[in-house]
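Data block for my_file-v7.txt (compact mmCIF, C-alpha atoms and all ligand atoms):
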# COMPACT_ATOMS: atom_id res chain seq x y z
CA MET A 1 -82.54 -61.65 18.45
CA LYS A 2 -85.31 -59.38 19.65
CA SER A 3 -83.79 -56.60 21.74
CA ILE A 4 -85.20 -55.32 24.97
CA ALA A 5 -85.59 -51.55 24.92
CA VAL A 6 -83.67 -49.80 27.69
CA ILE A 7 -84.76 -46.20 28.11
CA ILE A 8 -82.58 -43.82 30.08
CA SER A 9 -84.58 -40.78 31.12
CA LYS A 10 -82.32 -37.85 31.90
CA GLY A 11 -82.88 -35.92 35.09
CA PRO A 12 -84.63 -32.57 34.73
CA SER A 13 -81.64 -30.63 36.10
CA ASN A 14 -78.07 -30.45 34.83
CA ASN A 15 -76.59 -32.05 37.91
CA PRO A 16 -73.16 -33.35 36.77
CA VAL A 17 -73.26 -36.32 39.16
CA LYS A 18 -76.54 -37.48 37.66
CA ARG A 19 -75.30 -36.88 34.11
CA LYS A 20 -72.26 -39.06 34.81
CA ILE A 21 -74.34 -41.95 36.15
CA GLU A 22 -76.63 -41.73 33.11
CA ALA A 23 -73.63 -41.70 30.74
CA ASP A 24 -71.86 -44.61 32.47
CA VAL A 25 -74.96 -46.77 32.42
CA ALA A 26 -75.54 -45.86 28.78
CA VAL A 27 -71.99 -46.89 27.81
CA TRP A 28 -72.43 -50.35 29.22
CA VAL A 29 -75.95 -50.91 27.97
CA ALA A 30 -75.02 -49.74 24.48
CA ALA A 31 -72.26 -52.33 24.27
CA ASP A 32 -74.60 -55.22 25.07
CA PRO A 33 -76.27 -56.51 21.93
CA ARG A 34 -79.30 -57.82 23.79
CA PHE A 35 -80.51 -54.29 24.45
CA GLU A 36 -81.66 -51.39 22.36
CA LEU A 37 -80.69 -48.21 24.12
CA VAL A 38 -82.79 -45.06 23.95
CA VAL A 39 -81.70 -41.86 25.64
CA ALA A 40 -84.50 -39.41 26.34
CA PRO A 41 -85.12 -36.13 28.14
CA ASN A 42 -87.04 -36.40 31.43
CA LEU A 43 -89.97 -38.61 30.41
CA TYR A 44 -92.37 -36.73 32.67
CA ASP A 45 -91.81 -33.58 30.60
CA LEU A 46 -92.49 -35.15 27.19
CA LYS A 47 -95.53 -33.88 25.36
CA ALA A 48 -98.39 -36.36 25.01
CA GLU A 49 -98.43 -36.09 21.23
CA GLY A 50 -94.72 -35.38 20.76
CA GLU A 51 -91.91 -37.18 18.98
CA GLY A 52 -90.63 -38.77 22.18
CA VAL A 53 -93.84 -40.50 23.17
CA SER A 54 -94.46 -41.73 19.64
CA LYS A 55 -90.93 -43.22 19.48
CA LEU A 56 -91.45 -44.98 22.79
CA LYS A 57 -94.83 -46.29 21.68
CA ALA A 58 -93.12 -47.97 18.73
CA PHE A 59 -91.47 -50.46 21.09
CA ASP A 60 -93.92 -53.23 21.77
CA GLY A 61 -91.70 -55.68 23.66
CA ASP A 62 -90.37 -55.75 27.21
CA MET A 63 -88.89 -52.47 28.39
CA ILE A 64 -86.55 -51.31 31.11
CA ILE A 65 -86.90 -47.68 32.11
CA LEU A 66 -84.29 -45.89 34.21
CA THR A 67 -85.52 -42.58 35.61
CA TRP A 68 -84.91 -40.25 38.53
CA MET A 69 -88.26 -40.97 40.11
CA TYR A 70 -89.96 -43.66 42.15
CA SER A 71 -90.67 -46.75 40.08
CA ARG A 72 -94.42 -46.56 40.81
CA ALA A 73 -94.51 -42.97 39.55
CA ALA A 74 -92.60 -43.89 36.39
CA HIS A 75 -94.82 -46.90 35.64
CA TRP A 76 -98.09 -44.97 35.83
CA MET A 77 -96.70 -41.90 34.13
CA LEU A 78 -95.84 -44.13 31.14
CA ASN A 79 -99.24 -45.80 31.28
CA ARG A 80 -100.85 -42.39 31.03
CA ALA A 81 -98.77 -41.70 27.92
CA GLY A 82 -100.06 -44.91 26.31
CA ILE A 83 -96.95 -46.98 27.05
CA ALA A 84 -98.58 -49.76 29.01
CA GLY A 85 -97.68 -53.24 30.20
CA GLN A 86 -97.41 -55.48 33.22
CA GLU A 87 -95.32 -54.12 36.07
CA GLY A 88 -91.95 -55.90 36.14
CA GLN A 89 -90.25 -56.12 39.53
CA SER A 90 -86.76 -54.72 39.79
CA LEU A 91 -84.57 -55.98 42.62
CA LEU A 92 -82.75 -52.66 42.70
CA THR A 93 -85.01 -50.41 44.72
CA TYR A 94 -84.89 -46.97 46.25
CA GLY A 95 -86.30 -45.75 49.53
CA ASP A 96 -89.54 -47.31 50.66
CA ASP A 97 -89.99 -49.20 47.39
CA GLU A 98 -88.38 -52.23 49.00
CA ASP A 99 -90.99 -52.23 51.75
CA GLN A 100 -94.11 -52.56 49.62
CA GLU A 101 -96.92 -53.27 52.02
CA GLU A 102 -99.61 -55.74 51.15
CA PRO A 103 -103.08 -54.23 51.21
CA ASN A 104 -105.20 -55.73 53.97
CA SER A 105 -107.99 -58.12 53.06
CA GLU A 106 -110.70 -55.47 53.29
CA GLU A 107 -108.76 -53.31 50.84
CA ASP A 108 -108.33 -56.29 48.55
CA GLU A 109 -112.07 -56.48 48.11
CA LYS A 110 -112.32 -52.99 46.68
CA PRO A 111 -112.46 -52.99 42.90
CA ARG A 112 -109.58 -51.05 41.42
CA VAL A 113 -109.45 -49.40 38.03
CA ILE A 114 -106.57 -51.68 37.01
CA ASP A 115 -108.98 -54.64 37.08
CA GLU A 116 -110.75 -53.15 34.06
CA LEU A 117 -107.64 -52.21 32.12
CA ALA A 118 -106.61 -54.47 29.26
CA LEU A 119 -102.87 -54.18 29.82
CA PRO A 120 -100.57 -55.76 27.25
CA GLN A 121 -98.65 -58.81 28.45
CA ARG A 122 -95.22 -57.29 27.89
CA ARG A 123 -93.35 -56.27 31.03
CA ILE A 124 -92.20 -52.80 31.92
CA TYR A 125 -89.48 -52.58 34.56
CA CYS A 126 -88.92 -49.16 36.11
CA ILE A 127 -85.70 -48.57 38.01
CA ASP A 128 -85.07 -45.47 40.11
CA LEU A 129 -81.61 -44.09 39.32
CA ARG A 130 -81.35 -42.91 42.92
CA ALA A 131 -81.08 -46.57 43.99
CA SER A 132 -77.28 -46.60 43.72
CA GLN A 133 -74.34 -44.35 43.01
CA ASN A 134 -72.52 -47.21 41.37
CA PRO A 135 -73.45 -47.45 37.67
CA GLU A 136 -72.31 -51.07 37.59
CA GLU A 137 -75.22 -52.00 39.84
CA PHE A 138 -77.65 -50.75 37.22
CA LEU A 139 -75.91 -52.71 34.50
CA LYS A 140 -76.11 -55.88 36.60
CA GLU A 141 -79.80 -55.34 37.21
CA VAL A 142 -80.47 -54.60 33.53
CA GLN A 143 -78.66 -57.82 32.65
CA ARG A 144 -80.60 -59.79 35.26
CA ILE A 145 -83.87 -58.46 33.86
CA GLY A 146 -82.70 -59.27 30.34
CA GLU A 147 -82.19 -62.86 31.38
CA GLU A 148 -85.56 -62.92 33.14
CA CYS A 149 -87.28 -61.61 30.01
CA HIS A 150 -85.63 -64.24 27.83
CA ALA A 151 -86.11 -67.07 30.28
CA ASP A 152 -88.81 -68.46 28.02
CA GLY A 153 -86.04 -70.08 26.01
CA SER A 154 -86.15 -67.71 23.08
CA ASP A 155 -83.44 -65.40 21.84
CA LEU A 156 -80.99 -65.38 24.68
CA VAL A 157 -80.87 -69.15 24.88
CA SER A 158 -80.13 -69.42 21.18
CA TRP A 159 -77.47 -66.75 21.60
CA LEU A 160 -75.88 -68.62 24.48
CA ALA A 161 -76.12 -71.84 22.49
CA GLY A 162 -73.97 -70.23 19.84
CA LYS A 163 -76.74 -69.47 17.38
CA PRO A 164 -77.00 -65.68 17.33
CA THR A 165 -78.54 -64.05 14.33
CA GLN A 166 -76.28 -62.33 11.81
CA GLU A 167 -77.55 -58.98 12.94
CA SER A 168 -76.76 -59.72 16.61
CA MET A 169 -73.32 -60.94 15.69
CA LYS A 170 -72.59 -57.78 13.72
CA ARG A 171 -73.67 -55.62 16.63
CA PHE A 172 -71.67 -57.61 19.12
CA LEU A 173 -68.49 -57.48 17.07
CA ASN A 174 -68.88 -53.80 16.18
CA PRO A 175 -70.88 -52.23 18.95
CA GLU A 176 -69.50 -48.81 18.11
CA ASN A 177 -71.16 -49.06 14.69
CA ASP A 178 -74.50 -49.26 16.25
CA THR A 179 -75.41 -48.07 19.71
CA ALA A 180 -72.19 -47.07 21.40
CA VAL A 181 -72.54 -44.15 23.66
CA GLY A 182 -72.20 -40.75 22.34
CA ALA A 183 -73.49 -42.33 19.16
CA VAL A 184 -76.77 -43.84 20.17
CA ALA A 185 -78.48 -44.77 16.93
CA PRO A 186 -80.13 -41.56 15.69
CA ALA A 187 -83.48 -43.32 15.51
CA ASN A 188 -83.14 -44.03 19.22
CA GLN A 189 -82.33 -40.54 20.36
CA ILE A 190 -85.18 -38.46 21.61
CA THR A 191 -84.24 -34.87 21.11
CA GLU A 192 -87.63 -33.28 21.67
CA ASP A 193 -87.41 -29.86 23.31
CA THR A 194 -88.97 -30.05 26.71
CA SER A 195 -89.79 -27.65 29.49
CA ARG A 196 -90.70 -28.46 33.08
CA ARG A 197 -94.24 -29.75 33.46
CA TRP A 198 -96.37 -30.36 36.55
CA TYR A 199 -99.37 -32.64 36.59
CA PRO A 200 -100.83 -35.52 38.59
CA VAL A 201 -100.30 -39.15 37.68
CA ILE A 202 -102.94 -41.68 38.76
CA ASP A 203 -101.85 -45.08 40.04
CA PHE A 204 -104.69 -47.25 38.72
CA SER A 205 -103.63 -50.20 40.83
CA ARG A 206 -104.87 -48.16 43.79
CA CYS A 207 -107.53 -45.92 42.30
CA THR A 208 -111.11 -47.00 43.05
CA ASN A 209 -112.70 -44.44 40.69
CA CYS A 210 -114.36 -42.72 43.64
CA MET A 211 -114.25 -39.31 41.85
CA GLU A 212 -113.23 -37.37 44.95
CA CYS A 213 -110.35 -35.78 43.04
CA ILE A 214 -112.62 -34.49 40.27
CA ASP A 215 -114.85 -32.84 42.90
CA PHE A 216 -111.90 -31.37 44.75
CA CYS A 217 -109.94 -29.91 41.84
CA LEU A 218 -111.35 -26.54 40.79
CA PHE A 219 -109.01 -26.14 37.83
CA GLY A 220 -110.54 -28.69 35.44
CA VAL A 221 -107.61 -31.10 35.47
CA TYR A 222 -109.63 -34.29 35.87
CA GLY A 223 -112.27 -35.77 33.60
CA VAL A 224 -113.73 -39.15 32.72
CA ASN A 225 -113.40 -41.33 29.65
CA GLY A 226 -116.19 -43.08 27.73
CA GLN A 227 -116.35 -45.78 30.40
CA GLU A 228 -116.77 -43.17 33.14
CA THR A 229 -113.29 -43.85 34.45
CA ILE A 230 -111.30 -41.03 35.99
CA LEU A 231 -108.47 -39.59 33.93
CA VAL A 232 -106.15 -36.62 33.94
CA GLU A 233 -107.80 -34.80 31.09
CA GLN A 234 -106.11 -31.40 31.10
CA PRO A 235 -102.74 -32.01 32.78
CA ASP A 236 -101.35 -28.59 32.00
CA ASN A 237 -104.21 -26.90 33.86
CA CYS A 238 -102.61 -28.15 37.07
CA ARG A 239 -101.05 -25.42 39.20
CA LYS A 240 -97.25 -25.70 39.34
CA GLY A 241 -95.89 -26.94 42.65
CA CYS A 242 -99.28 -27.65 44.17
CA PRO A 243 -100.06 -31.26 45.16
CA ALA A 244 -103.37 -30.54 46.93
CA CYS A 245 -105.50 -33.34 45.47
CA SER A 246 -102.94 -36.00 46.33
CA ARG A 247 -103.65 -35.25 49.98
CA VAL A 248 -107.38 -35.90 49.67
CA CYS A 249 -107.28 -39.06 47.54
CA PRO A 250 -108.35 -41.79 49.97
CA GLU A 251 -106.19 -44.40 48.23
CA ASN A 252 -102.95 -42.47 47.90
CA ALA A 253 -103.37 -43.01 44.16
CA ILE A 254 -102.40 -39.50 43.02
CA ILE A 255 -98.70 -38.98 42.46
CA PHE A 256 -96.72 -35.86 41.72
CA PRO A 257 -93.41 -37.45 40.71
CA GLN A 258 -91.37 -34.27 41.18
CA HIS A 259 -92.67 -33.40 44.65
CA LYS A 260 -90.13 -33.41 47.46
CA THR A 261 -92.34 -35.37 49.87
CA PRO A 262 -91.81 -39.11 49.27
CA ALA A 263 -95.44 -40.11 49.95
CA ILE A 264 -96.63 -37.62 47.31
CA ALA A 265 -93.85 -38.42 44.83
CA GLY A 266 -94.82 -42.09 44.66
CA ALA A 267 -92.88 -43.79 47.45
CA ALA A 268 -94.55 -46.95 48.68
CA VAL A 269 -96.88 -46.32 51.60
CA ALA A 270 -99.73 -48.27 53.09
CA VAL A 271 -102.87 -48.39 50.98
CA ASP A 272 -105.49 -48.32 53.73
CA GLY A 273 -106.72 -45.55 56.01
CA LEU A 274 -103.18 -44.89 57.16
CA LYS A 275 -102.65 -42.77 54.08
CA ILE A 276 -104.19 -39.58 55.37
CA ASP A 277 -102.21 -39.76 58.53
CA LEU A 278 -99.02 -40.54 56.66
CA SER A 279 -99.40 -37.53 54.43
CA ARG A 280 -100.02 -35.50 57.56
CA LEU A 281 -96.78 -36.84 58.96
CA PHE A 282 -94.84 -36.29 55.75
CA GLY A 283 -96.74 -33.40 54.23
CA ALA A 284 -96.86 -30.81 56.98
CA PRO A 285 -94.20 -31.75 59.49
CA ASP A 286 -93.93 -28.20 60.84
CA SER A 287 -97.57 -27.63 61.58
CA LYS A 288 -100.53 -29.28 63.21
CA GLU A 289 -102.58 -29.15 60.00
CA ASP A 290 -103.95 -32.44 58.83
CA ALA A 291 -103.97 -33.47 55.19
CA VAL A 292 -107.38 -32.00 54.37
CA ASP A 293 -106.49 -28.65 55.98
CA VAL A 294 -103.23 -28.51 54.05
CA ALA A 295 -104.98 -29.44 50.81
CA ALA A 296 -107.68 -26.78 51.28
CA ARG A 297 -105.05 -24.16 52.11
CA GLU A 298 -102.91 -25.10 49.08
CA ARG A 299 -105.95 -24.99 46.82
CA ASP A 300 -106.93 -21.57 48.17
CA GLU A 301 -103.43 -20.25 47.53
CA GLN A 302 -103.70 -21.36 43.92
CA LEU A 303 -107.19 -19.91 43.53
CA LEU A 304 -105.96 -16.53 44.79
CA LEU A 305 -102.91 -16.65 42.53
CA ALA A 306 -105.27 -17.29 39.63
CA GLY A 307 -107.33 -14.23 40.64
CA ARG A 308 -110.22 -16.27 41.99
CA GLU A 309 -111.97 -16.44 45.35
CA ALA A 310 -110.74 -18.75 48.07
CA VAL A 311 -113.28 -21.42 49.00
CA GLY A 312 -111.72 -23.00 52.07
CA LYS A 313 -113.34 -26.31 52.89
CA SER A 314 -116.72 -25.31 51.46
CA GLN A 315 -116.27 -27.15 48.14
CA GLY A 316 -115.22 -30.61 47.10
CA ILE A 317 -114.05 -31.83 50.47
CA PRO A 318 -114.68 -35.57 50.48
CA LYS A 319 -117.44 -36.53 52.86
CA ARG A 320 -115.58 -39.47 54.29
CA GLN A 321 -112.71 -37.21 55.22
CA GLU A 322 -114.97 -34.74 56.96
CA ASP A 323 -116.21 -37.72 58.94
CA LYS A 324 -112.66 -38.71 59.63
CA ASP A 325 -111.93 -35.23 60.98
CA LEU A 326 -114.83 -35.55 63.37
CA ALA A 327 -114.14 -39.11 64.44
CA PRO A 328 -112.54 -39.64 67.82
CA LYS A 329 -108.82 -40.15 67.68
CA ASP A 330 -107.60 -43.69 67.78
CA ALA A 331 -104.32 -45.08 69.04
CA LEU A 332 -102.66 -44.55 65.69
CA ASP A 333 -103.64 -40.88 65.62
CA ASP A 334 -102.17 -40.52 69.11
CA LEU A 335 -98.97 -42.18 67.98
CA LEU A 336 -98.71 -39.88 64.98
CA ASP A 337 -99.39 -36.87 67.19
CA GLU A 338 -96.46 -37.94 69.31
CA LEU A 339 -94.29 -38.34 66.22
CA ASP A 340 -95.38 -34.88 65.07
CA ASP A 341 -94.21 -33.51 68.39
CA LEU A 342 -90.77 -35.05 67.98
CA ASP A 343 -88.26 -32.82 66.28
CA LEU A 344 -87.34 -35.36 63.58
S1 LIG B 1 -109.62 -39.58 44.46
FE1 LIG B 1 -108.04 -41.12 44.13
S2 LIG B 1 -109.11 -43.08 44.19
FE2 LIG B 1 -110.65 -41.50 43.88
S3 LIG B 1 -110.87 -41.36 41.64
FE3 LIG B 1 -109.37 -39.82 42.24
S4 LIG B 1 -107.42 -40.88 42.00
FE4 LIG B 1 -108.97 -42.46 42.04
S1 LIG B 2 -102.87 -30.10 42.39
FE1 LIG B 2 -104.53 -28.67 42.43
S2 LIG B 2 -104.77 -27.93 40.34
FE2 LIG B 2 -103.50 -29.77 40.25
S3 LIG B 2 -104.94 -31.39 39.85
FE3 LIG B 2 -104.71 -31.32 42.06
S4 LIG B 2 -106.30 -29.95 42.82
FE4 LIG B 2 -106.16 -29.67 40.59

Would you mind writing the file out in structure tokens?
Amino acid sequence: MKSIAVIISKGPSNNPVKRKIEADVAVWVAADPRFELVVAPNLYDLKAEGEGVSKLKAFDGDMIILTWMYSRAAHWMLNRAGIAGQEGQSLLTYGDDEDQEEPNSEEDEKPRVIDELALPQRRIYCIDLRASQNPEEFLKEVQRIGEECHADGSDLVSWLAGKPTQESMKRFLNPENDTAVGAVAPANQITEDTSRRWYPVIDFSRCTNCMECIDFCLFGVYGVNGQETILVEQPDNCRKGCPACSRVCPENAIIFPQHKTPAIAGAAVAVDGLKIDLSRLFGAPDSKEDAVDVAARERDEQLLLAGREAVGKSQGIPKRQEDKDLAPKDALDDLLDELDDLDL
């Protein structure tokens, strides 16, 4: 029976409530012979060339990833690390993820970077561990996905028909010999030392390769590959805590998974021109600054901290957003102004 890899990514802090949920889910998953459990440090913090990423790359089948971040953020963070596949849909969602909005038809016409990516056929399901406080719910969803993955009539059906392989039988009868919790198979433990990292993750299902981020960032984080496609080339050049470029990306394609603002951390938001206004609503609720103003101010703060000159809005401000600043306000802007004025 080919197992489905289930990766539990530990939260970056030592919050005991989170640790308990991770451990409870791990106990149940480890006892189910259909799954191969891997317990890892916070996946976002793994080094690109480290032991953790290379272990995860060794799994080439369907995967279920449980992390403390939005599923969109987790999916594209893994893609960036070379762990790619089709996006599997979990029914257990957190926050706005259940309200995914369909892009409008005009947006549909824009070519996206994902159209050029040769993604493997295997499915990667990302589940946000904030979706429930009941570990059993995660087990049920993992089991449901397991059945979905095997619905092609392969291993699970033969198992249910009473024809498990010898290896599966051995694991089922003696789960503690194999992947029981506290004793996850050593090969499946990722023990890499990690420290907190901070870098942008690009959602290529939204990115149009417009290059506005590369113009805006003055710290050399972005680059292009051989096909002239945008990439995060020097992630560790990014300035800790600063999400400035995510505010100027016209497609809301830049995610900082650890940011406290949902729209920046990868929560589902509209894909069209609403984005700038949404990040204004979410990103600077206490001020009247719009997204571009906030981004320019945040970038200046980082330039000064790095001992460089502030540049304000004189460099790398996307033209279309300057136009947007000058454009007359529409009804939506008025509505958002009113929401800004409410003490939410
Ligand atoms: S600004 Fe956004 S859409 Fe444009 S290339 Fe960068 S990530 Fe992609
Ligand atoms: S947050 Fe700032 S430093 Fe980091 S990639 Fe964006 S613009 Fe560059």

> Please, which residues have at least one atom within 6 Å of an atom of ligand LIG 1 (chain B), using all atoms listed in the file, listed as a PyMOL selection string?
Replying inline: chain A and resi 202+207-213+230+249-251+253-254

Just C-alpha atoms for this one: save the residues we selected as a short mmCIF file (atom, residue, chain, number, x, y, z; two decimals), in the frame of the given file.
data_model
loop_
_atom_site.label_atom_id
_atom_site.label_comp_id
_atom_site.auth_asym_id
_atom_site.auth_seq_id
_atom_site.Cartn_x
_atom_site.Cartn_y
_atom_site.Cartn_z
CA ILE A 202 -102.94 -41.68 38.76
CA CYS A 207 -107.53 -45.92 42.30
CA THR A 208 -111.11 -47.00 43.05
CA ASN A 209 -112.70 -44.44 40.69
CA CYS A 210 -114.36 -42.72 43.64
CA MET A 211 -114.25 -39.31 41.85
CA GLU A 212 -113.23 -37.37 44.95
CA CYS A 213 -110.35 -35.78 43.04
CA ILE A 230 -111.30 -41.03 35.99
CA CYS A 249 -107.28 -39.06 47.54
CA PRO A 250 -108.35 -41.79 49.97
CA GLU A 251 -106.19 -44.40 48.23
CA ALA A 253 -103.37 -43.01 44.16
CA ILE A 254 -102.40 -39.50 43.02
#

> Within 12 Å of ligand LIG 2 (chain B), counting all atoms listed in the file, which protein or nucleic acid residues do you find, written as an MDAnalysis selection string?
Replying inline: chainID A and resid 197:202 212:223 231:249 253:256 259 264 292 294:303 305:306 315:317

> Distance atom CA of A:Thr194-atom CA of A:Gln258, one decimal place?
Replying inline: 15.3 Å

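Remark: for A:Ser13, the closest of the candidate residues A:Thr93, A:Asn252, A:Ser195, A:Ser205 is A:Ser195 (distances computed over only C-alpha atoms).
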
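Separating atom CA of A:Pro257 from atom CA of A:Met69 is a distance of 6.3 Å.
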
Taking a cut-off of 8 Å and counting all atoms listed in the file, can you build a table that, for each residue of stretch 22-85 of chain A near stretch 118-127 of chain A, reports the nearest atom pair and how far apart they are in Å (one decimal), sorted by chain then residue number, as a Markdown table?
| residue | atom | partner | partner_atom | distance |
| --- | --- | --- | --- | --- |
| A:Asp60 | CA | A:Arg122 | CA | 7.5 |
| A:Gly61 | CA | A:Arg122 | CA | 5.7 |
| A:Asp62 | CA | A:Arg123 | CA | 4.9 |
| A:Met63 | CA | A:Ile124 | CA | 4.9 |
| A:Ile64 | CA | A:Tyr125 | CA | 4.7 |
| A:Ile65 | CA | A:Cys126 | CA | 4.7 |
| A:Leu66 | CA | A:Ile127 | CA | 4.9 |
| A:Thr67 | CA | A:Ile127 | CA | 6.5 |
| A:Tyr70 | CA | A:Ile127 | CA | 7.7 |
| A:Ser71 | CA | A:Cys126 | CA | 5.0 |
| A:Arg72 | CA | A:Cys126 | CA | 7.7 |
| A:Ala74 | CA | A:Cys126 | CA | 6.4 |
| A:His75 | CA | A:Cys126 | CA | 6.3 |
| A:Ala84 | CA | A:Leu119 | CA | 6.2 |
| A:Gly85 | CA | A:Pro120 | CA | 4.8 |

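Considering all atoms listed in the file, the residue among A:Asp24, A:Val224, A:Leu46, A:Ser90 positioned nearest to A:Arg144 is A:Ser90.
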
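Atom pair atom CA of A:Ser54 / atom CA of A:Ile8: separated by 16.0 Å.
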
>> Give me the residues near stretch 18-23 of chain A as a ChimeraX atom specification, where near means some atom within 8 Å (using all atoms listed in the file) and where sequence neighbours in that chain fewer than 2 positions away do not count.
In response: /A:8,10-11,14-16,25-27,133-135,181

>> Here's a test: counting all atoms listed in the file, identify every protein, DNA and RNA residue with an atom at most 12 Å from (-90.8, -26.6, 21.5) in the file's coordinate frame, and state them as a ChimeraX atom specification.
In response: /A:45-47,50-51,191-196
